[in-house]
Amino acid sequence: MKTYRIALVPGDGIGKEVVPAGQQVLKVLAQSEGEFAFEFENFEWGGDFYRHHGTMMPADGLDALRNKDAILFGSAGDPDIPDHITLWGLRLKICQGLDQYANVRPTRILPGIDAPLKRCRAEDLDWVIVRENTEGEYSGAGGRVHQGFPIEVATDLSVMTRAGAERIQRYAFRLAQSRPRRRLTVVTKSNAQRHAMVMWDEIAQEVARDFPDVQWDKEMVDAMTARMVNKPVTLDTIVATNLHADILSDLAAALAGSLGIGPTANINPERKYPSMFEPIHGSAFDIMGKGIANPVGTFWTVVMMLEHLGEPDAARRVMRAIEHVTANPKLHTRDLGGTANTADVTEAVCMEIAATAKRPLATA
């Protein structure tokens with residue numbers, strides 16, 4: 001029997017609630033499948049770790065992750081710690097340290113969810129956003145001088161390499177090629193950013209020659225926001241830089257009904273290092289500890305993790321369970337206009353997985 005080694009990094013805020021919910025779903029799934037197992041290791045990194053040690057994770061933390069098959073991540077963010085410390089000290093440290101250069105975020109309107117685009121049919125909004133995940137605007141290049149003086153200067157430099165731009169665009173073209181519509185939109189801002197983004201556009205044209213069966217177009221990032229709202233059916237696979245895709249993917253999740261349902265995969269396509277899977281909703285400290293966080297984003301993230309691990313049948317079972325639960329308004333959490341809590345939704349998904357078990361589940 002195959003055993004997958006999974007690192008659990010709940011992080012901060014509601015990450016500490018939804019990651020255990022995801023673990024619960026995986027345990028039920030493994031028991032019901034009977035063909036694989038999970039070996040979990042929990043890493044209590046994040047804001048609380050920072051308060052005790054002065055860092056978000058240990059200096060050798062990446063070494064503890066390298067032998068895992070996948071990482072299930074919760075969120076990074078703490079109201080008492082500056083955001084740049086929480087982000088760079090944990091999530092970005094893992095993404096960059098393990099070369100997870102492809103951030104993949106599927107978006108669609110799940111059954112039973114009342115999305116805000118009233119003229120949009122569910123089948124009209126079915127996107128995958130591919131985000132360059134290790135360089136660009138989040139490269140970390142820049143600095144501050146003359147701090148505290150009137151002449152203080154701060155710079156953040158977007159660093160784009162030909163290798164980095166080509167590999168993410170090639171990944172996006174391959175993904176678009178694998179989807180039914182074979183359509184890709186390349187997001188840019190080359191009318192204003194006349195060096196790096198012009199190179200980004202040129203590389204897109206070069207890579208496109210290797211994918212003649214993919215229909216592609218280019219869209220300025222500001223126009224892209226309007227297109228996502230007004231013409232969602234014209235979009236399918238989308239590729240953008242680190243900052244642009246970060247913003248667009250949150251808009252996409254909101255258009256699908258809630259940030260609480262959105263999943264993310266941080267992929268190392270060459271599989272030299274483990275990939276990391278996380279919901280997109282953030283730490284949401286305002287609802288932490290209330291038991292009302294929506295775990296659907298984490299469960300959909302689990303689906304992406306299972307697909308990456310080579311368990312497509314198990315992934316489909318979990319996705320069907322999610323859709324069965326979202327179709328019931330009584331199982332909607334507050335972000336979806338309902339009154340269900342985290343435990344309600346988790347239990348319902350687990351019960352649906354158990355109901356389709358390949359073998360009888362052991363009773364307590």
# chains A, B, ... in the order shown; residues from 1 in each chain; ligands from 1
call {"tool": "closest_atom_pairs", "arguments": {"of": "segment 71-126 of chain A", "to": "segment 28-46 of chain A", "cutoff": "9 Å", "atoms": "only C-alpha atoms", "output": "tab-separated table"}}
result
residue	atom	partner	partner_atom	distance
A:Ser75	CA	A:Gly46	CA	8.6
A:Ala76	CA	A:Gly46	CA	6.6
A:Gly77	CA	A:Gly46	CA	7.9
A:Asp78	CA	A:Gly46	CA	8.4
A:Thr86	CA	A:Gly46	CA	7.2
A:Gly89	CA	A:Gly46	CA	8.4
A:Leu90	CA	A:Gly46	CA	6.9
call {"tool": "write_last_selection", "arguments": {"atoms": "N, CA and C atoms", "output": "PDB file, in the first residue's frame"}}
result
ATOM      1  N   SER A  75      -2.564  29.299   6.376  1.00  0.00           N
ATOM      2  CA  SER A  75      -2.495  30.723   6.043  1.00  0.00           C
ATOM      3  C   SER A  75      -1.344  31.359   6.817  1.00  0.00           C
ATOM      4  N   ALA A  76      -0.918  32.520   6.354  1.00  0.00           N
ATOM      5  CA  ALA A  76       0.115  33.298   7.032  1.00  0.00           C
ATOM      6  C   ALA A  76      -0.403  34.711   7.227  1.00  0.00           C
ATOM      7  N   GLY A  77      -0.394  35.198   8.466  1.00  0.00           N
ATOM      8  CA  GLY A  77      -0.860  36.547   8.750  1.00  0.00           C
ATOM      9  C   GLY A  77      -1.282  36.659  10.198  1.00  0.00           C
ATOM     10  N   ASP A  78      -0.833  37.695  10.853  1.00  0.00           N
ATOM     11  CA  ASP A  78      -1.120  37.892  12.275  1.00  0.00           C
ATOM     12  C   ASP A  78      -1.254  39.395  12.513  1.00  0.00           C
ATOM     13  N   THR A  86       5.306  38.102   8.181  1.00  0.00           N
ATOM     14  CA  THR A  86       4.574  36.835   8.143  1.00  0.00           C
ATOM     15  C   THR A  86       4.636  36.198   6.765  1.00  0.00           C
ATOM     16  N   GLY A  89       8.435  35.406   5.823  1.00  0.00           N
ATOM     17  CA  GLY A  89       9.037  34.479   6.765  1.00  0.00           C
ATOM     18  C   GLY A  89       8.484  33.076   6.708  1.00  0.00           C
ATOM     19  N   LEU A  90       7.347  32.878   6.031  1.00  0.00           N
ATOM     20  CA  LEU A  90       6.743  31.553   6.017  1.00  0.00           C
ATOM     21  C   LEU A  90       6.338  31.137   4.594  1.00  0.00           C
TER      22      LEU A  90
END
call {"tool": "residues_around", "arguments": {"residues": "Trp127 of chain A", "least_positions_apart": "2", "cutoff": "10 Å", "atoms": "only C-alpha atoms", "output": "list in words"}}
result
Arg105, Pro106, Thr107, Arg108, Ile109, Asp124, Leu125, Ile129, Val130, Leu184, Met228, Pro232, Val233, Thr234, Leu235, Asp236, Thr237, Ile238, Ser249 and Ala252 of chain A
call {"tool": "closest_atom_pairs", "arguments": {"of": "segment 23-130 of chain A", "to": "segment 269-285 of chain A", "cutoff": "9 Å", "atoms": "only C-alpha atoms", "output": "tab-separated table"}}
result
residue	atom	partner	partner_atom	distance
A:Leu65	CA	A:Pro274	CA	7.4
A:Arg66	CA	A:Tyr273	CA	6.0
A:Asn67	CA	A:Pro274	CA	7.5
A:Lys68	CA	A:Pro274	CA	6.1
A:Asp69	CA	A:Pro274	CA	5.5
A:Ala70	CA	A:Pro274	CA	5.1
A:Ile71	CA	A:Met276	CA	4.5
A:Leu72	CA	A:Phe277	CA	5.0
A:Phe73	CA	A:Glu278	CA	4.8
A:Gly74	CA	A:Glu278	CA	5.8
A:Ser75	CA	A:Gly282	CA	5.1
A:Ala76	CA	A:Ser283	CA	6.1
A:Gly77	CA	A:Ser283	CA	5.6
A:Asp78	CA	A:Ser283	CA	7.3
A:Pro79	CA	A:Phe285	CA	7.5
A:Ile94	CA	A:Met276	CA	8.4
A:Cys95	CA	A:Met276	CA	7.7
A:Leu98	CA	A:Tyr273	CA	5.6
A:Asp99	CA	A:Tyr273	CA	7.3
A:Gln100	CA	A:Ser275	CA	6.3
A:Tyr101	CA	A:Pro269	CA	8.0
A:Ala102	CA	A:Pro269	CA	7.4
A:Arg105	CA	A:Ile280	CA	8.7
call {"tool": "closest_residue", "arguments": {"among": "A:Gly338, A:Gly257, A:Pro150, A:Pro263", "to": "Ile292 of chain A", "atoms": "only C-alpha atoms"}}
result
A:Gly338
call {"tool": "atom_distance", "arguments": {"atom1": "atom CA of Met304 of chain A", "atom2": "atom CA of Leu92 of chain A"}}
result
19.7 Å
call {"tool": "closest_residue", "arguments": {"among": "A:Arg174, A:Asp114, A:Asp246, A:Thr298", "to": "Asp213 of chain A", "atoms": "only C-alpha atoms"}}
result
A:Arg174
call {"tool": "closest_atom_pairs", "arguments": {"of": "segment 5-123 of chain A", "to": "segment 310-329 of chain A", "cutoff": "7 Å", "atoms": "only C-alpha atoms", "output": "JSON lines"}}
result
{"residue": "A:Leu110", "atom": "CA", "partner": "A:Glu323", "partner_atom": "CA", "distance": 6.3}
{"residue": "A:Pro111", "atom": "CA", "partner": "A:Ala327", "partner_atom": "CA", "distance": 4.8}
{"residue": "A:Gly112", "atom": "CA", "partner": "A:Ala327", "partner_atom": "CA", "distance": 3.9}
{"residue": "A:Ile113", "atom": "CA", "partner": "A:Thr326", "partner_atom": "CA", "distance": 6.7}
call {"tool": "write_last_selection", "arguments": {"atoms": "C-alpha atoms", "output": "mmCIF file, in the first residue's frame"}}
result
data_model
loop_
_atom_site.group_PDB
_atom_site.id
_atom_site.type_symbol
_atom_site.label_atom_id
_atom_site.label_comp_id
_atom_site.auth_asym_id
_atom_site.auth_seq_id
_atom_site.Cartn_x
_atom_site.Cartn_y
_atom_site.Cartn_z
ATOM 1 C CA LEU A 110 -19.950 25.299 -7.384
ATOM 2 C CA PRO A 111 -23.486 23.840 -7.196
ATOM 3 C CA GLY A 112 -25.817 25.710 -4.863
ATOM 4 C CA ILE A 113 -23.686 28.843 -4.559
#
call {"tool": "residues_around", "arguments": {"residues": "Arg162 of chain A", "least_positions_apart": "5", "cutoff": "8 Å", "atoms": "only C-alpha atoms", "output": "PyMOL selection string"}}
result
chain A and resi 199-200+203
call {"tool": "write_last_selection", "arguments": {"atoms": "N, CA and C atoms", "output": "PDB file, in the first residue's frame"}}
result
ATOM      1  N   MET A 199       9.271  42.160 -22.469  1.00  0.00           N
ATOM      2  CA  MET A 199       9.924  40.863 -22.616  1.00  0.00           C
ATOM      3  C   MET A 199       8.927  39.730 -22.364  1.00  0.00           C
ATOM      4  N   TRP A 200       8.064  39.901 -21.368  1.00  0.00           N
ATOM      5  CA  TRP A 200       7.012  38.921 -21.053  1.00  0.00           C
ATOM      6  C   TRP A 200       6.137  38.669 -22.288  1.00  0.00           C
ATOM      7  N   ILE A 203       8.093  36.769 -25.019  1.00  0.00           N
ATOM      8  CA  ILE A 203       8.252  35.354 -24.685  1.00  0.00           C
ATOM      9  C   ILE A 203       6.942  34.604 -24.943  1.00  0.00           C
TER      10      ILE A 203
END
